[in-house]
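Structure data follow from data-v8.pdb (PDB, N, CA and C atoms):
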```
ATOM      1  N   TYR S   1      -5.322  12.388  -4.298  1.00  0.00           N
ATOM      2  CA  TYR S   1      -5.858  12.481  -2.964  1.00  0.00           C
ATOM      3  C   TYR S   1      -4.752  12.824  -1.981  1.00  0.00           C
ATOM      4  N   THR S   2      -5.098  13.326  -0.817  1.00  0.00           N
ATOM      5  CA  THR S   2      -4.135  13.663   0.226  1.00  0.00           C
ATOM      6  C   THR S   2      -3.633  12.391   0.890  1.00  0.00           C
ATOM      7  N   VAL S   3      -2.326  12.317   1.115  1.00  0.00           N
ATOM      8  CA  VAL S   3      -1.701  11.145   1.733  1.00  0.00           C
ATOM      9  C   VAL S   3      -0.863  11.614   2.917  1.00  0.00           C
ATOM     10  N   VAL S   4      -1.000  10.933   4.047  1.00  0.00           N
ATOM     11  CA  VAL S   4      -0.180  11.268   5.219  1.00  0.00           C
ATOM     12  C   VAL S   4       1.100  10.452   5.186  1.00  0.00           C
ATOM     13  N   ALA S   5       2.146  10.979   5.790  1.00  0.00           N
ATOM     14  CA  ALA S   5       3.435  10.289   5.848  1.00  0.00           C
ATOM     15  C   ALA S   5       3.252   8.892   6.425  1.00  0.00           C
ATOM     16  N   GLY S   6       3.839   7.907   5.757  1.00  0.00           N
ATOM     17  CA  GLY S   6       3.755   6.529   6.215  1.00  0.00           C
ATOM     18  C   GLY S   6       2.607   5.745   5.617  1.00  0.00           C
ATOM     19  N   ALA S   7       1.755   6.401   4.845  1.00  0.00           N
ATOM     20  CA  ALA S   7       0.626   5.712   4.214  1.00  0.00           C
ATOM     21  C   ALA S   7       0.976   5.324   2.786  1.00  0.00           C
ATOM     22  N   GLY S   8       0.347   4.249   2.312  1.00  0.00           N
ATOM     23  CA  GLY S   8       0.576   3.791   0.954  1.00  0.00           C
ATOM     24  C   GLY S   8      -0.206   4.604  -0.048  1.00  0.00           C
ATOM     25  N   THR S   9       0.294   4.611  -1.284  1.00  0.00           N
ATOM     26  CA  THR S   9      -0.393   5.301  -2.367  1.00  0.00           C
ATOM     27  C   THR S   9       0.035   4.709  -3.699  1.00  0.00           C
ATOM     28  N   LEU S  10      -0.843   4.784  -4.658  1.00  0.00           N
ATOM     29  CA  LEU S  10      -0.560   4.321  -6.007  1.00  0.00           C
ATOM     30  C   LEU S  10      -0.487   5.550  -6.905  1.00  0.00           C
ATOM     31  N   VAL S  11       0.669   5.752  -7.525  1.00  0.00           N
ATOM     32  CA  VAL S  11       0.868   6.884  -8.445  1.00  0.00           C
ATOM     33  C   VAL S  11       1.072   6.280  -9.819  1.00  0.00           C
ATOM     34  N   GLY S  12       0.052   6.380 -10.648  1.00  0.00           N
ATOM     35  CA  GLY S  12       0.094   5.673 -11.927  1.00  0.00           C
ATOM     36  C   GLY S  12       0.090   4.183 -11.651  1.00  0.00           C
ATOM     37  N   SER S  13       1.134   3.478 -12.084  1.00  0.00           N
ATOM     38  CA  SER S  13       1.230   2.043 -11.810  1.00  0.00           C
ATOM     39  C   SER S  13       2.295   1.736 -10.754  1.00  0.00           C
ATOM     40  N   ILE S  14       2.828   2.783 -10.112  1.00  0.00           N
ATOM     41  CA  ILE S  14       3.893   2.604  -9.115  1.00  0.00           C
ATOM     42  C   ILE S  14       3.330   2.797  -7.717  1.00  0.00           C
ATOM     43  N   PHE S  15       3.577   1.806  -6.840  1.00  0.00           N
ATOM     44  CA  PHE S  15       3.151   1.898  -5.448  1.00  0.00           C
ATOM     45  C   PHE S  15       4.303   2.445  -4.619  1.00  0.00           C
ATOM     46  N   GLY S  16       3.976   3.327  -3.683  1.00  0.00           N
ATOM     47  CA  GLY S  16       4.986   3.863  -2.781  1.00  0.00           C
ATOM     48  C   GLY S  16       4.369   4.218  -1.442  1.00  0.00           C
ATOM     49  N   VAL S  17       5.233   4.495  -0.480  1.00  0.00           N
ATOM     50  CA  VAL S  17       4.807   4.929   0.845  1.00  0.00           C
ATOM     51  C   VAL S  17       5.253   6.369   1.008  1.00  0.00           C
ATOM     52  N   ALA S  18       4.320   7.236   1.357  1.00  0.00           N
ATOM     53  CA  ALA S  18       4.608   8.666   1.458  1.00  0.00           C
ATOM     54  C   ALA S  18       5.666   8.943   2.523  1.00  0.00           C
ATOM     55  N   VAL S  19       6.692   9.692   2.160  1.00  0.00           N
ATOM     56  CA  VAL S  19       7.743  10.086   3.087  1.00  0.00           C
ATOM     57  C   VAL S  19       7.268  11.243   3.949  1.00  0.00           C
ATOM     58  N   ASN S  20       6.484  12.132   3.359  1.00  0.00           N
ATOM     59  CA  ASN S  20       5.919  13.299   4.049  1.00  0.00           C
ATOM     60  C   ASN S  20       4.433  13.390   3.732  1.00  0.00           C
ATOM     61  N   ASP S  21       3.706  14.196   4.500  1.00  0.00           N
ATOM     62  CA  ASP S  21       2.315  14.472   4.158  1.00  0.00           C
ATOM     63  C   ASP S  21       2.288  15.140   2.791  1.00  0.00           C
ATOM     64  N   THR S  22       1.375  14.718   1.938  1.00  0.00           N
ATOM     65  CA  THR S  22       1.276  15.272   0.593  1.00  0.00           C
ATOM     66  C   THR S  22      -0.186  15.588   0.301  1.00  0.00           C
ATOM     67  N   THR S  23      -0.463  16.820  -0.089  1.00  0.00           N
ATOM     68  CA  THR S  23      -1.832  17.213  -0.394  1.00  0.00           C
ATOM     69  C   THR S  23      -2.210  16.804  -1.814  1.00  0.00           C
ATOM     70  N   SER S  24      -3.480  16.684  -2.044  1.00  0.00           N
ATOM     71  CA  SER S  24      -3.997  16.286  -3.344  1.00  0.00           C
ATOM     72  C   SER S  24      -3.482  17.214  -4.442  1.00  0.00           C
ATOM     73  N   GLY S  25      -2.943  16.627  -5.501  1.00  0.00           N
ATOM     74  CA  GLY S  25      -2.455  17.400  -6.635  1.00  0.00           C
ATOM     75  C   GLY S  25      -1.032  17.888  -6.518  1.00  0.00           C
ATOM     76  N   ALA S  26      -0.423  17.777  -5.323  1.00  0.00           N
ATOM     77  CA  ALA S  26       0.955  18.243  -5.124  1.00  0.00           C
ATOM     78  C   ALA S  26       1.939  17.105  -5.389  1.00  0.00           C
ATOM     79  N   SER S  27       3.162  17.471  -5.732  1.00  0.00           N
ATOM     80  CA  SER S  27       4.221  16.473  -5.877  1.00  0.00           C
ATOM     81  C   SER S  27       4.651  16.016  -4.499  1.00  0.00           C
ATOM     82  N   GLY S  28       5.047  14.761  -4.399  1.00  0.00           N
ATOM     83  CA  GLY S  28       5.484  14.231  -3.115  1.00  0.00           C
ATOM     84  C   GLY S  28       6.629  13.258  -3.293  1.00  0.00           C
ATOM     85  N   GLU S  29       7.219  12.872  -2.176  1.00  0.00           N
ATOM     86  CA  GLU S  29       8.306  11.901  -2.184  1.00  0.00           C
ATOM     87  C   GLU S  29       7.766  10.593  -1.623  1.00  0.00           C
ATOM     88  N   TYR S  30       8.050   9.487  -2.318  1.00  0.00           N
ATOM     89  CA  TYR S  30       7.519   8.186  -1.935  1.00  0.00           C
ATOM     90  C   TYR S  30       8.621   7.136  -1.930  1.00  0.00           C
ATOM     91  N   ALA S  31       8.667   6.333  -0.885  1.00  0.00           N
ATOM     92  CA  ALA S  31       9.622   5.232  -0.791  1.00  0.00           C
ATOM     93  C   ALA S  31       9.028   4.033  -1.524  1.00  0.00           C
ATOM     94  N   THR S  32       9.844   3.395  -2.360  1.00  0.00           N
ATOM     95  CA  THR S  32       9.353   2.247  -3.122  1.00  0.00           C
ATOM     96  C   THR S  32      10.021   0.942  -2.710  1.00  0.00           C
ATOM     97  N   THR S  33      11.024   1.010  -1.863  1.00  0.00           N
ATOM     98  CA  THR S  33      11.665  -0.204  -1.353  1.00  0.00           C
ATOM     99  C   THR S  33      11.938  -0.058   0.130  1.00  0.00           C
ATOM    100  N   ASP S  34      11.657  -1.075   0.881  1.00  0.00           N
ATOM    101  CA  ASP S  34      11.924  -1.143   2.320  1.00  0.00           C
ATOM    102  C   ASP S  34      10.888  -2.079   2.927  1.00  0.00           C
ATOM    103  N   VAL S  35      10.845  -2.130   4.230  1.00  0.00           N
ATOM    104  CA  VAL S  35       9.834  -2.896   4.946  1.00  0.00           C
ATOM    105  C   VAL S  35       8.944  -1.896   5.668  1.00  0.00           C
ATOM    106  N   PHE S  36       7.612  -2.014   5.475  1.00  0.00           N
ATOM    107  CA  PHE S  36       6.674  -1.061   6.034  1.00  0.00           C
ATOM    108  C   PHE S  36       5.546  -1.779   6.763  1.00  0.00           C
ATOM    109  N   SER S  37       4.979  -1.112   7.740  1.00  0.00           N
ATOM    110  CA  SER S  37       3.737  -1.551   8.376  1.00  0.00           C
ATOM    111  C   SER S  37       2.643  -0.643   7.843  1.00  0.00           C
ATOM    112  N   LEU S  38       1.708  -1.232   7.108  1.00  0.00           N
ATOM    113  CA  LEU S  38       0.654  -0.446   6.462  1.00  0.00           C
ATOM    114  C   LEU S  38      -0.724  -0.925   6.906  1.00  0.00           C
ATOM    115  N   ALA S  39      -1.715  -0.052   6.757  1.00  0.00           N
ATOM    116  CA  ALA S  39      -3.094  -0.401   7.095  1.00  0.00           C
ATOM    117  C   ALA S  39      -3.585  -1.502   6.160  1.00  0.00           C
ATOM    118  N   LYS S  40      -4.376  -2.441   6.723  1.00  0.00           N
ATOM    119  CA  LYS S  40      -4.898  -3.545   5.931  1.00  0.00           C
ATOM    120  C   LYS S  40      -6.396  -3.683   6.141  1.00  0.00           C
ATOM    121  N   VAL S  41      -7.012  -4.512   5.334  1.00  0.00           N
ATOM    122  CA  VAL S  41      -8.423  -4.845   5.505  1.00  0.00           C
ATOM    123  C   VAL S  41      -8.558  -5.537   6.860  1.00  0.00           C
ATOM    124  N   SER S  42      -9.360  -4.990   7.750  1.00  0.00           N
ATOM    125  CA  SER S  42      -9.430  -5.487   9.130  1.00  0.00           C
ATOM    126  C   SER S  42      -9.979  -6.903   9.240  1.00  0.00           C
ATOM    127  N   ALA S  43     -10.782  -7.331   8.291  1.00  0.00           N
ATOM    128  CA  ALA S  43     -11.385  -8.669   8.353  1.00  0.00           C
ATOM    129  C   ALA S  43     -10.410  -9.780   7.976  1.00  0.00           C
ATOM    130  N   GLN S  44      -9.235  -9.421   7.488  1.00  0.00           N
ATOM    131  CA  GLN S  44      -8.269 -10.426   7.066  1.00  0.00           C
ATOM    132  C   GLN S  44      -7.227 -10.688   8.149  1.00  0.00           C
ATOM    133  N   ALA S  45      -6.898 -11.964   8.341  1.00  0.00           N
ATOM    134  CA  ALA S  45      -5.838 -12.366   9.273  1.00  0.00           C
ATOM    135  C   ALA S  45      -4.649 -12.831   8.442  1.00  0.00           C
ATOM    136  N   TRP S  46      -3.501 -12.247   8.685  1.00  0.00           N
ATOM    137  CA  TRP S  46      -2.317 -12.587   7.908  1.00  0.00           C
ATOM    138  C   TRP S  46      -1.326 -13.341   8.779  1.00  0.00           C
ATOM    139  N   ALA S  47      -1.476 -14.633   8.883  1.00  0.00           N
ATOM    140  CA  ALA S  47      -0.607 -15.438   9.731  1.00  0.00           C
ATOM    141  C   ALA S  47       0.547 -16.060   8.945  1.00  0.00           C
ATOM    142  N   THR S  48       0.427 -16.137   7.649  1.00  0.00           N
ATOM    143  CA  THR S  48       1.411 -16.819   6.818  1.00  0.00           C
ATOM    144  C   THR S  48       2.502 -15.866   6.336  1.00  0.00           C
ATOM    145  N   VAL S  49       3.750 -16.197   6.656  1.00  0.00           N
ATOM    146  CA  VAL S  49       4.883 -15.424   6.134  1.00  0.00           C
ATOM    147  C   VAL S  49       5.014 -15.722   4.642  1.00  0.00           C
ATOM    148  N   GLY S  50       5.236 -14.686   3.853  1.00  0.00           N
ATOM    149  CA  GLY S  50       5.375 -14.847   2.414  1.00  0.00           C
ATOM    150  C   GLY S  50       4.076 -14.692   1.650  1.00  0.00           C
ATOM    151  N   LEU S  51       2.986 -14.443   2.350  1.00  0.00           N
ATOM    152  CA  LEU S  51       1.680 -14.243   1.728  1.00  0.00           C
ATOM    153  C   LEU S  51       1.748 -13.016   0.809  1.00  0.00           C
ATOM    154  N   LEU S  52       1.243 -13.139  -0.418  1.00  0.00           N
ATOM    155  CA  LEU S  52       1.259 -12.006  -1.345  1.00  0.00           C
ATOM    156  C   LEU S  52       0.294 -10.929  -0.867  1.00  0.00           C
ATOM    157  N   ILE S  53       0.766  -9.680  -0.905  1.00  0.00           N
ATOM    158  CA  ILE S  53      -0.027  -8.538  -0.449  1.00  0.00           C
ATOM    159  C   ILE S  53      -0.276  -7.604  -1.631  1.00  0.00           C
ATOM    160  N   TYR S  54      -1.510  -7.158  -1.747  1.00  0.00           N
ATOM    161  CA  TYR S  54      -1.946  -6.293  -2.839  1.00  0.00           C
ATOM    162  C   TYR S  54      -2.445  -4.961  -2.271  1.00  0.00           C
ATOM    163  N   TRP S  55      -2.465  -3.939  -3.128  1.00  0.00           N
ATOM    164  CA  TRP S  55      -2.981  -2.630  -2.743  1.00  0.00           C
ATOM    165  C   TRP S  55      -4.353  -2.437  -3.360  1.00  0.00           C
ATOM    166  N   ASP S  56      -5.364  -2.217  -2.506  1.00  0.00           N
ATOM    167  CA  ASP S  56      -6.714  -1.889  -2.948  1.00  0.00           C
ATOM    168  C   ASP S  56      -6.776  -0.368  -3.024  1.00  0.00           C
ATOM    169  N   ASP S  57      -6.679   0.174  -4.223  1.00  0.00           N
ATOM    170  CA  ASP S  57      -6.605   1.629  -4.382  1.00  0.00           C
ATOM    171  C   ASP S  57      -7.941   2.319  -4.124  1.00  0.00           C
ATOM    172  N   THR S  58      -9.026   1.592  -4.157  1.00  0.00           N
ATOM    173  CA  THR S  58     -10.330   2.179  -3.837  1.00  0.00           C
ATOM    174  C   THR S  58     -10.449   2.377  -2.324  1.00  0.00           C
ATOM    175  N   ALA S  59     -10.135   1.322  -1.565  1.00  0.00           N
ATOM    176  CA  ALA S  59     -10.225   1.385  -0.099  1.00  0.00           C
ATOM    177  C   ALA S  59      -8.979   2.011   0.532  1.00  0.00           C
ATOM    178  N   LYS S  60      -7.895   2.126  -0.246  1.00  0.00           N
ATOM    179  CA  LYS S  60      -6.602   2.637   0.249  1.00  0.00           C
ATOM    180  C   LYS S  60      -6.087   1.765   1.394  1.00  0.00           C
ATOM    181  N   LEU S  61      -6.177   0.426   1.200  1.00  0.00           N
ATOM    182  CA  LEU S  61      -5.745  -0.549   2.197  1.00  0.00           C
ATOM    183  C   LEU S  61      -5.017  -1.713   1.526  1.00  0.00           C
ATOM    184  N   CYS S  62      -4.174  -2.385   2.305  1.00  0.00           N
ATOM    185  CA  CYS S  62      -3.544  -3.607   1.842  1.00  0.00           C
ATOM    186  C   CYS S  62      -4.534  -4.755   1.987  1.00  0.00           C
ATOM    187  N   THR S  63      -4.413  -5.739   1.091  1.00  0.00           N
ATOM    188  CA  THR S  63      -5.338  -6.870   1.078  1.00  0.00           C
ATOM    189  C   THR S  63      -4.634  -8.100   0.516  1.00  0.00           C
ATOM    190  N   THR S  64      -5.196  -9.257   0.766  1.00  0.00           N
ATOM    191  CA  THR S  64      -4.693 -10.486   0.160  1.00  0.00           C
ATOM    192  C   THR S  64      -5.509 -10.852  -1.075  1.00  0.00           C
ATOM    193  N   THR S  65      -6.482 -10.044  -1.412  1.00  0.00           N
ATOM    194  CA  THR S  65      -7.336 -10.276  -2.579  1.00  0.00           C
ATOM    195  C   THR S  65      -6.664  -9.715  -3.827  1.00  0.00           C
ATOM    196  N   ALA S  66      -6.382 -10.601  -4.779  1.00  0.00           N
ATOM    197  CA  ALA S  66      -5.678 -10.187  -5.990  1.00  0.00           C
ATOM    198  C   ALA S  66      -6.586  -9.394  -6.931  1.00  0.00           C
ATOM    199  N   SER S  67      -7.655  -9.987  -7.435  1.00  0.00           N
ATOM    200  CA  SER S  67      -8.575  -9.426  -8.436  1.00  0.00           C
ATOM    201  C   SER S  67      -7.903  -8.346  -9.274  1.00  0.00           C
ATOM    202  N   THR S  68      -8.326  -7.118  -9.194  1.00  0.00           N
ATOM    203  CA  THR S  68      -7.729  -6.029  -9.987  1.00  0.00           C
ATOM    204  C   THR S  68      -6.756  -5.193  -9.157  1.00  0.00           C
ATOM    205  N   ASN S  69      -6.400  -5.666  -7.973  1.00  0.00           N
ATOM    206  CA  ASN S  69      -5.506  -4.915  -7.086  1.00  0.00           C
ATOM    207  C   ASN S  69      -4.048  -5.082  -7.508  1.00  0.00           C
ATOM    208  N   LYS S  70      -3.210  -4.132  -7.131  1.00  0.00           N
ATOM    209  CA  LYS S  70      -1.789  -4.090  -7.498  1.00  0.00           C
ATOM    210  C   LYS S  70      -0.957  -4.882  -6.501  1.00  0.00           C
ATOM    211  N   LEU S  71      -0.161  -5.844  -6.979  1.00  0.00           N
ATOM    212  CA  LEU S  71       0.753  -6.586  -6.112  1.00  0.00           C
ATOM    213  C   LEU S  71       1.830  -5.629  -5.617  1.00  0.00           C
ATOM    214  N   ILE S  72       2.007  -5.552  -4.273  1.00  0.00           N
ATOM    215  CA  ILE S  72       2.987  -4.613  -3.715  1.00  0.00           C
ATOM    216  C   ILE S  72       4.060  -5.273  -2.859  1.00  0.00           C
ATOM    217  N   GLY S  73       3.894  -6.541  -2.514  1.00  0.00           N
ATOM    218  CA  GLY S  73       4.917  -7.175  -1.703  1.00  0.00           C
ATOM    219  C   GLY S  73       4.423  -8.453  -1.039  1.00  0.00           C
ATOM    220  N   VAL S  74       5.096  -8.813   0.060  1.00  0.00           N
ATOM    221  CA  VAL S  74       4.761 -10.023   0.800  1.00  0.00           C
ATOM    222  C   VAL S  74       4.679  -9.731   2.296  1.00  0.00           C
ATOM    223  N   ASN S  75       3.920 -10.554   3.003  1.00  0.00           N
ATOM    224  CA  ASN S  75       3.802 -10.449   4.455  1.00  0.00           C
ATOM    225  C   ASN S  75       5.063 -11.039   5.093  1.00  0.00           C
ATOM    226  N   LEU S  76       5.648 -10.297   6.025  1.00  0.00           N
ATOM    227  CA  LEU S  76       6.851 -10.791   6.723  1.00  0.00           C
ATOM    228  C   LEU S  76       6.569 -11.085   8.163  1.00  0.00           C
TER     229      LEU S  76
END
```
Please re-express this file's structure in structure tokens.
Amino acid sequence: YTVVAGAGTLVGSIFGVAVNDTTSGASGEYATTDVFSLAKVSAQAWATVGLLIYWDDTAKLCTTTASTNKLIGVNL
């Protein structure tokens, strides 16, 4: 799928944040370490520092729901 710079994406089993806009099917550059502000599920309130954050690859949003989502970091 197309990803805009600064948005999260899952490539295989690796989560990264797009460095540049990347069109569907094209190679792109993704940052895998750093601190990022990413879109989250709007119904969730993240007040706790250290809260585990997961990537919902269907919704393309960060979430605190583990289920089948990929662990990507913690809330700071």
**Minimum-distance residue to Trp55 of chain S, chosen among S:Val19, S:Val41, S:Ile14, S:Leu71 (using all atoms listed in the file)** =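 Smallest distance to Trp55 of chain S is found for S:Leu71.
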**Asked** Could you work out how far atom CA of Glu29 of chain S lies from atom CA of Val49 of chain S, giving the answer in Å with one decimal?
**Response**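 Value for the atom CA of Val49 of chain S-atom CA of Glu29 of chain S distance: 28.8 Å.
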**Asked** Quick one, how far is atom C of Ile53 of chain S from atom CA of Ala26 of chain S?
**Response** 26.1 Å
**Request:** Determine, counting all atoms listed in the file, every residue of protein, DNA or RNA that lies within 8 Å of (-6.7, -11.0, 6.4) in the file coordinates, then give the result as a PyMOL selection string.
**Result:** chain S and resi 40-47+62-65
**Item:** atom CA of Tyr30 of chain S to atom C of Leu76 of chain S, distance in Å rounded to a single decimal
**Value:**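 One can read the atom CA of Tyr30 of chain S to atom C of Leu76 of chain S distance as 21.8 Å.
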Using only the atoms of segment 56-59 of chain S listed in the file, plus 3 Å on each side, state the axis-aligned box centre and edge lengths in Å rounded to one decimal, as lines of an AutoDock Vina configuration file.
```
center_x = -7.9
center_y = 0.1
center_z = -1.9
size_x = 11.1
size_y = 10.6
size_z = 10.9
```
**Prompt:** Near segment 10-12 of chain S, counting only C-alpha atoms, which residues have an atom at most 9 Å away, once you skip same-chain residues fewer than 2 positions from it, shown as a PyMOL selection string?
**Reply:** chain S and resi 8+14-17+55+57+60+70
**Prompt:** Applied to the shown file, which residues does the PyMOL selection byres (((chain S and resi 3 and name CA) around 7) and name CA) return, written as a list in words?
**Reply:**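 Against this file, the PyMOL selection byres (((chain S and resi 3 and name CA) around 7) and name CA) returns the residues Tyr1, Thr2, Val4, Ala5, Ala7, Ala18, Asp21, Thr22 and Thr23 of chain S.
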I need the residues in chain S that are strand (DSSP E) according to DSSP; give them as a PDB file with N, CA and C atoms, in the coordinates of the input.
```
ATOM      1  N   GLY S   8       0.347   4.249   2.312  1.00  0.00           N
ATOM      2  CA  GLY S   8       0.576   3.791   0.954  1.00  0.00           C
ATOM      3  C   GLY S   8      -0.206   4.604  -0.048  1.00  0.00           C
ATOM      4  N   THR S   9       0.294   4.611  -1.284  1.00  0.00           N
ATOM      5  CA  THR S   9      -0.393   5.301  -2.367  1.00  0.00           C
ATOM      6  C   THR S   9       0.035   4.709  -3.699  1.00  0.00           C
ATOM      7  N   LEU S  10      -0.843   4.784  -4.658  1.00  0.00           N
ATOM      8  CA  LEU S  10      -0.560   4.321  -6.007  1.00  0.00           C
ATOM      9  C   LEU S  10      -0.487   5.550  -6.905  1.00  0.00           C
ATOM     10  N   VAL S  11       0.669   5.752  -7.525  1.00  0.00           N
ATOM     11  CA  VAL S  11       0.868   6.884  -8.445  1.00  0.00           C
ATOM     12  C   VAL S  11       1.072   6.280  -9.819  1.00  0.00           C
ATOM     13  N   ILE S  14       2.828   2.783 -10.112  1.00  0.00           N
ATOM     14  CA  ILE S  14       3.893   2.604  -9.115  1.00  0.00           C
ATOM     15  C   ILE S  14       3.330   2.797  -7.717  1.00  0.00           C
ATOM     16  N   PHE S  15       3.577   1.806  -6.840  1.00  0.00           N
ATOM     17  CA  PHE S  15       3.151   1.898  -5.448  1.00  0.00           C
ATOM     18  C   PHE S  15       4.303   2.445  -4.619  1.00  0.00           C
ATOM     19  N   GLY S  16       3.976   3.327  -3.683  1.00  0.00           N
ATOM     20  CA  GLY S  16       4.986   3.863  -2.781  1.00  0.00           C
ATOM     21  C   GLY S  16       4.369   4.218  -1.442  1.00  0.00           C
ATOM     22  N   VAL S  17       5.233   4.495  -0.480  1.00  0.00           N
ATOM     23  CA  VAL S  17       4.807   4.929   0.845  1.00  0.00           C
ATOM     24  C   VAL S  17       5.253   6.369   1.008  1.00  0.00           C
ATOM     25  N   ALA S  18       4.320   7.236   1.357  1.00  0.00           N
ATOM     26  CA  ALA S  18       4.608   8.666   1.458  1.00  0.00           C
ATOM     27  C   ALA S  18       5.666   8.943   2.523  1.00  0.00           C
ATOM     28  N   TYR S  30       8.050   9.487  -2.318  1.00  0.00           N
ATOM     29  CA  TYR S  30       7.519   8.186  -1.935  1.00  0.00           C
ATOM     30  C   TYR S  30       8.621   7.136  -1.930  1.00  0.00           C
ATOM     31  N   ALA S  31       8.667   6.333  -0.885  1.00  0.00           N
ATOM     32  CA  ALA S  31       9.622   5.232  -0.791  1.00  0.00           C
ATOM     33  C   ALA S  31       9.028   4.033  -1.524  1.00  0.00           C
ATOM     34  N   LEU S  52       1.243 -13.139  -0.418  1.00  0.00           N
ATOM     35  CA  LEU S  52       1.259 -12.006  -1.345  1.00  0.00           C
ATOM     36  C   LEU S  52       0.294 -10.929  -0.867  1.00  0.00           C
ATOM     37  N   ILE S  53       0.766  -9.680  -0.905  1.00  0.00           N
ATOM     38  CA  ILE S  53      -0.027  -8.538  -0.449  1.00  0.00           C
ATOM     39  C   ILE S  53      -0.276  -7.604  -1.631  1.00  0.00           C
ATOM     40  N   TYR S  54      -1.510  -7.158  -1.747  1.00  0.00           N
ATOM     41  CA  TYR S  54      -1.946  -6.293  -2.839  1.00  0.00           C
ATOM     42  C   TYR S  54      -2.445  -4.961  -2.271  1.00  0.00           C
ATOM     43  N   TRP S  55      -2.465  -3.939  -3.128  1.00  0.00           N
ATOM     44  CA  TRP S  55      -2.981  -2.630  -2.743  1.00  0.00           C
ATOM     45  C   TRP S  55      -4.353  -2.437  -3.360  1.00  0.00           C
ATOM     46  N   ASP S  56      -5.364  -2.217  -2.506  1.00  0.00           N
ATOM     47  CA  ASP S  56      -6.714  -1.889  -2.948  1.00  0.00           C
ATOM     48  C   ASP S  56      -6.776  -0.368  -3.024  1.00  0.00           C
ATOM     49  N   LEU S  61      -6.177   0.426   1.200  1.00  0.00           N
ATOM     50  CA  LEU S  61      -5.745  -0.549   2.197  1.00  0.00           C
ATOM     51  C   LEU S  61      -5.017  -1.713   1.526  1.00  0.00           C
ATOM     52  N   CYS S  62      -4.174  -2.385   2.305  1.00  0.00           N
ATOM     53  CA  CYS S  62      -3.544  -3.607   1.842  1.00  0.00           C
ATOM     54  C   CYS S  62      -4.534  -4.755   1.987  1.00  0.00           C
ATOM     55  N   THR S  63      -4.413  -5.739   1.091  1.00  0.00           N
ATOM     56  CA  THR S  63      -5.338  -6.870   1.078  1.00  0.00           C
ATOM     57  C   THR S  63      -4.634  -8.100   0.516  1.00  0.00           C
ATOM     58  N   LYS S  70      -3.210  -4.132  -7.131  1.00  0.00           N
ATOM     59  CA  LYS S  70      -1.789  -4.090  -7.498  1.00  0.00           C
ATOM     60  C   LYS S  70      -0.957  -4.882  -6.501  1.00  0.00           C
ATOM     61  N   LEU S  71      -0.161  -5.844  -6.979  1.00  0.00           N
ATOM     62  CA  LEU S  71       0.753  -6.586  -6.112  1.00  0.00           C
ATOM     63  C   LEU S  71       1.830  -5.629  -5.617  1.00  0.00           C
ATOM     64  N   ILE S  72       2.007  -5.552  -4.273  1.00  0.00           N
ATOM     65  CA  ILE S  72       2.987  -4.613  -3.715  1.00  0.00           C
ATOM     66  C   ILE S  72       4.060  -5.273  -2.859  1.00  0.00           C
ATOM     67  N   GLY S  73       3.894  -6.541  -2.514  1.00  0.00           N
ATOM     68  CA  GLY S  73       4.917  -7.175  -1.703  1.00  0.00           C
ATOM     69  C   GLY S  73       4.423  -8.453  -1.039  1.00  0.00           C
ATOM     70  N   VAL S  74       5.096  -8.813   0.060  1.00  0.00           N
ATOM     71  CA  VAL S  74       4.761 -10.023   0.800  1.00  0.00           C
ATOM     72  C   VAL S  74       4.679  -9.731   2.296  1.00  0.00           C
TER      73      VAL S  74
END
```
**Asked** Closest to Thr48 of chain S among S:Ser24, S:Thr32, S:Asn69, S:Asn75, using only C-alpha atoms?
**Response** S:Asn75
